[in-house]
>>> print(open('upload39.txt').read())   # compact mmCIF, C-alpha atoms
# COMPACT_ATOMS: atom_id res chain seq x y z
CA PRO A 1 -54.23 -77.02 14.62
CA VAL A 2 -56.04 -77.54 11.28
CA GLU A 3 -57.16 -73.93 11.15
CA VAL A 4 -53.59 -72.72 11.48
CA GLN A 5 -52.51 -74.75 8.46
CA ASP A 6 -55.35 -73.37 6.36
CA GLY A 7 -54.31 -69.83 7.32
CA THR A 8 -50.69 -70.64 6.45
CA ASN A 9 -51.62 -72.12 3.10
CA ASN A 10 -53.81 -69.14 2.42
CA SER A 11 -51.01 -66.66 3.21
CA ARG A 12 -48.55 -68.67 1.08
CA ARG A 13 -51.03 -68.71 -1.75
CA ASN A 14 -51.53 -64.93 -1.44
CA PHE A 15 -47.77 -64.35 -1.48
CA ILE A 16 -47.23 -66.50 -4.56
CA VAL A 17 -50.10 -64.83 -6.40
CA SER A 18 -48.91 -61.31 -5.54
CA ALA A 19 -45.27 -62.11 -6.45
CA ALA A 20 -46.33 -63.65 -9.76
CA SER A 21 -48.53 -60.69 -10.62
CA ALA A 22 -45.74 -58.21 -9.76
CA LEU A 23 -43.29 -60.18 -11.93
CA ALA A 24 -45.77 -60.32 -14.79
CA PHE A 25 -46.44 -56.58 -14.52
CA THR A 26 -42.71 -55.82 -14.55
CA ILE A 27 -42.07 -57.98 -17.59
CA ALA A 28 -45.16 -56.82 -19.47
CA LYS A 29 -44.68 -53.08 -18.87
CA PRO A 30 -41.03 -51.97 -18.43
CA ALA A 31 -40.32 -48.55 -16.84
CA PRO A 32 -39.25 -45.82 -19.24
CA SER A 33 -35.57 -44.83 -19.14
CA ASN A 34 -34.65 -41.34 -17.93
CA ALA A 35 -31.43 -41.17 -19.94
CA VAL A 36 -31.20 -39.39 -23.29
CA TYR A 37 -30.45 -41.62 -26.23
CA GLY A 38 -26.75 -41.70 -27.02
CA ALA A 39 -25.71 -40.23 -23.66
CA ASP A 40 -24.22 -43.47 -22.46
CA ALA A 41 -20.58 -44.51 -22.98
CA LYS A 42 -18.88 -41.78 -25.00
CA ILE A 43 -15.31 -42.91 -24.71
CA GLU A 44 -12.64 -40.94 -26.49
CA LEU A 45 -9.27 -42.48 -27.03
CA PRO A 46 -6.40 -40.09 -26.34
CA ASP A 47 -4.36 -38.83 -29.26
CA ILE A 48 -0.84 -39.60 -28.09
CA VAL A 49 1.03 -37.62 -30.76
CA GLN A 50 -1.14 -34.53 -30.30
CA GLY A 51 -0.74 -34.84 -26.52
CA MET A 52 3.06 -34.82 -26.85
CA ALA A 53 2.94 -31.83 -29.18
CA ASP A 54 0.63 -29.93 -26.82
CA ARG A 55 2.91 -30.76 -23.89
CA ASN A 56 5.81 -29.03 -25.67
CA THR A 57 3.93 -25.99 -26.97
CA LYS A 58 1.26 -25.22 -24.32
CA GLN A 59 1.32 -24.60 -20.58
CA CYS A 60 -0.43 -27.30 -18.54
CA LEU A 61 -2.68 -26.10 -15.70
CA VAL A 62 -4.18 -29.41 -14.43
CA GLU A 63 -2.40 -32.74 -14.70
CA SER A 64 -3.77 -36.21 -13.92
CA LEU A 65 -2.04 -38.08 -11.14
CA GLY A 66 -1.75 -41.49 -12.78
CA ASN A 67 -0.21 -41.08 -16.21
CA ARG A 68 0.76 -37.38 -16.03
CA GLU A 69 -1.62 -36.50 -18.84
CA CYS A 70 -2.55 -32.83 -19.02
CA LEU A 71 -6.26 -32.33 -18.46
CA VAL A 72 -6.48 -28.52 -18.87
CA TYR A 73 -4.15 -26.29 -20.88
CA LEU A 74 -3.75 -22.53 -20.47
CA ASP A 75 -5.98 -20.68 -22.91
CA PRO A 76 -4.83 -17.06 -23.44
CA GLU A 77 -8.27 -16.06 -24.78
CA ASN A 78 -10.06 -17.07 -21.54
CA GLN A 79 -7.85 -15.24 -19.06
CA LEU A 80 -9.59 -13.02 -16.54
CA TYR A 81 -6.68 -10.58 -16.17
CA LYS A 82 -5.09 -9.41 -19.39
CA GLY A 83 -3.02 -6.54 -18.00
CA SER A 84 -3.83 -3.12 -16.64
CA ASP A 85 -6.35 -0.93 -18.43
CA ALA A 86 -4.61 2.37 -19.27
CA GLU A 87 -7.90 4.25 -19.61
CA LEU A 88 -8.98 3.25 -16.11
CA LEU A 89 -5.55 4.16 -14.70
CA PHE A 90 -5.68 7.63 -16.29
CA GLU A 91 -9.18 8.16 -14.83
CA ARG A 92 -7.88 7.29 -11.35
CA LEU A 93 -4.89 9.58 -11.87
CA GLY A 94 -7.23 12.39 -12.93
CA ARG A 95 -9.34 11.93 -9.78
CA SER A 96 -6.19 12.09 -7.64
CA ILE A 97 -5.02 15.28 -9.39
CA ALA A 98 -8.45 16.85 -8.95
CA ALA A 99 -8.39 15.99 -5.25
CA LEU A 100 -4.90 17.49 -4.92
CA LYS A 101 -6.23 20.83 -6.24
CA ASP A 102 -8.26 21.27 -3.01
CA VAL A 103 -5.25 20.89 -0.71
CA PRO A 104 -3.91 24.52 -0.89
CA GLN A 105 -7.26 25.91 0.26
CA TYR A 106 -7.29 23.48 3.20
CA ILE A 107 -3.70 24.44 4.07
CA GLU A 108 -4.49 28.18 4.03
CA ASN A 109 -7.55 27.65 6.22
CA LYS A 110 -5.53 25.37 8.51
CA GLN A 111 -7.98 22.53 8.04
CA TRP A 112 -5.40 19.85 8.76
CA ASN A 113 -7.88 16.98 9.08
CA LYS A 114 -9.15 17.69 5.58
CA VAL A 115 -5.57 17.78 4.25
CA GLN A 116 -4.94 14.35 5.80
CA GLY A 117 -8.31 13.13 4.53
CA VAL A 118 -7.52 14.10 0.93
CA LEU A 119 -4.06 12.50 1.10
CA THR A 120 -5.36 9.20 2.45
CA GLY A 121 -8.81 9.16 0.79
CA PRO A 122 -9.09 10.27 -2.85
CA MET A 123 -5.31 10.24 -3.31
CA GLY A 124 -4.83 6.92 -1.49
CA THR A 125 -4.47 4.97 -4.73
CA LEU A 126 -2.09 7.45 -6.40
CA SER A 127 1.03 5.43 -5.62
CA SER A 128 -0.32 2.15 -7.03
CA THR A 129 -1.78 3.98 -10.05
CA MET A 130 1.57 5.59 -10.85
CA ASN A 131 3.34 2.23 -10.49
CA GLU A 132 0.93 0.56 -12.94
CA LEU A 133 1.30 3.42 -15.43
CA VAL A 134 5.10 3.19 -15.21
CA LYS A 135 4.89 -0.55 -16.03
CA ASN A 136 2.98 0.28 -19.23
CA VAL A 137 5.71 2.63 -20.52
CA GLU A 138 7.73 0.83 -23.19
CA ASP A 139 10.75 3.17 -23.51
CA SER A 140 13.20 2.30 -20.71
CA GLY A 141 14.61 5.84 -20.49
CA VAL A 142 11.16 7.38 -20.05
CA GLN A 143 10.24 4.56 -17.69
CA ASN A 144 13.22 5.32 -15.42
CA LYS A 145 12.33 9.04 -15.38
CA CYS A 146 8.74 8.18 -14.47
CA LYS A 147 9.91 5.87 -11.67
CA GLY A 148 12.09 8.63 -10.24
CA LEU A 149 9.25 11.15 -10.47
CA SER A 150 6.79 8.80 -8.77
CA VAL A 151 9.24 8.31 -5.88
CA ASP A 152 9.74 12.08 -5.58
CA ILE A 153 5.98 12.71 -5.69
CA ARG A 154 5.46 10.21 -2.88
CA LYS A 155 8.15 11.95 -0.80
CA ASP A 156 6.47 15.33 -1.38
CA LEU A 157 3.09 13.93 -0.36
CA TYR A 158 4.65 12.50 2.80
CA ALA A 159 6.17 15.95 3.45
CA ILE A 160 2.70 17.53 3.10
CA ALA A 161 1.30 15.01 5.58
CA LEU A 162 4.17 15.67 8.00
CA ALA A 163 3.73 19.45 7.73
CA ALA A 164 -0.02 19.03 8.29
CA ASP A 165 0.69 16.88 11.32
CA ARG A 166 2.99 19.59 12.70
CA LYS A 167 0.58 22.34 11.56
CA GLN A 168 3.24 24.12 9.47
CA VAL A 169 1.54 26.14 6.73
CA LYS A 170 4.68 27.28 4.87
CA ASP A 171 6.26 23.78 4.67
CA ALA A 172 2.96 22.26 3.53
CA GLN A 173 2.58 24.84 0.75
CA ILE A 174 6.16 24.33 -0.47
CA SER A 175 5.72 20.54 -0.54
CA PHE A 176 2.39 20.92 -2.32
CA GLU A 177 3.94 23.08 -5.07
CA LYS A 178 6.75 20.56 -5.57
CA ALA A 179 4.31 17.65 -5.73
CA GLU A 180 2.01 19.45 -8.17
CA GLU A 181 4.87 20.37 -10.52
CA LYS A 182 6.31 16.83 -10.47
CA LEU A 183 2.88 15.30 -10.98
CA ASP A 184 2.34 17.46 -14.08
CA ARG A 185 5.71 16.29 -15.48
CA PHE A 186 4.80 12.69 -14.67
CA VAL A 187 1.49 12.95 -16.54
CA THR A 188 3.15 14.45 -19.64
CA LEU A 189 5.85 11.74 -19.66
CA VAL A 190 3.45 8.85 -19.16
CA SER A 191 0.86 10.09 -21.65
CA SER A 192 3.53 10.59 -24.37
CA ARG A 193 4.40 6.91 -24.41
>>> encode(input="upload39.txt", output="structure tokens")
Amino acid sequence: PVEVQDGTNNSRRNFIVSAASALAFTIAKPAPSNAVYGADAKIELPDIVQGMADRNTKQCLVESLGNRECLVYLDPENQLYKGSDAELLFERLGRSIAALKDVPQYIENKQWNKVQGVLTGPMGTLSSTMNELVKNVEDSGVQNKCKGLSVDIRKDLYAIALAADRKQVKDAQISFEKAEEKLDRFVTLVSSR
């Protein structure tokens, strides 16, 4: 039994010595901080008067739940979409017109799949392009004329597709001529804005 007590005293003594040395090491050599100086508590007090003025003059995008304070206001300079780009729309319109120029040859050769391919492929965005261009026209009289022309052009293109589906050369050529003439008028009206 005496040997057990000596072993216990020895282990207690080892524990006390190791704990004291660890405590002394910690006190003598503190660990360096990983934080940058001055990065702790940067508390900004809200400007109540400016907040009320901003609430009346700006559009709030994100609002806090507790006190209904606006966290993010709409910034017109940082918007991703600032309206349609007229240059890009005219490029798309030009590609559609160029694709339409191939249709009479396909009609004469009775290549109906190619006629359908042109109408749904390169000219597939013509309707949306015309709608965006009409929105950019500022004169309401010209805008109404352009809207009417775009509707008529769509009807003529549908007539070409129907004639191609029925394999009717004459009807397809007549509808093509109507569409081409109306599309030329549409381009002159829209570009004169």
>>> residues_around(input="upload39.txt", residues="Cys146 of chain A", least_positions_apart="6", cutoff="7 Å", atoms="all atoms listed in the file", output="PDB file with C-alpha atoms, in the coordinates of the input")
ATOM      1  CA  VAL A 134       5.100   3.190 -15.210  1.00  0.00           C
ATOM      2  CA  PHE A 186       4.800  12.690 -14.670  1.00  0.00           C
ATOM      3  CA  LEU A 189       5.850  11.740 -19.660  1.00  0.00           C
TER       4      LEU A 189
END
>>> residues_around(input="upload39.txt", residues="segment 84-95 of chain A", least_positions_apart="5", cutoff="8 Å", atoms="only C-alpha atoms", output="compact mmCIF listing (two decimals) with C-alpha atoms, in the coordinates of the input")
# COMPACT_ATOMS: atom_id res chain seq x y z
CA PRO A 122 -9.09 10.27 -2.85
CA MET A 123 -5.31 10.24 -3.31
CA THR A 125 -4.47 4.97 -4.73
CA LEU A 126 -2.09 7.45 -6.40
CA THR A 129 -1.78 3.98 -10.05
CA MET A 130 1.57 5.59 -10.85
CA GLU A 132 0.93 0.56 -12.94
CA LEU A 133 1.30 3.42 -15.43
CA ASN A 136 2.98 0.28 -19.23
>>> axis_aligned_box(input="upload39.txt", around="segment 65-70 of chain A", padding_each_side="5 Å", output="JSON")
{"center_x": -0.9, "center_y": -37.2, "center_z": -15.1, "size_x": 13.3, "size_y": 18.7, "size_z": 17.9}
>>> atom_distance(input="upload39.txt", atom1="atom CA of Val169 of chain A", atom2="atom CA of Gly117 of chain A")
16.5 Å
>>> closest_residue(input="upload39.txt", among="A:Asp54, A:Gln173, A:Leu149, A:Gln79", to="Asn109 of chain A", atoms="all atoms listed in the file")
A:Gln173
>>> atom_distance(input="upload39.txt", atom1="atom CA of Asp171 of chain A", atom2="atom CA of Asp156 of chain A")
10.4 Å
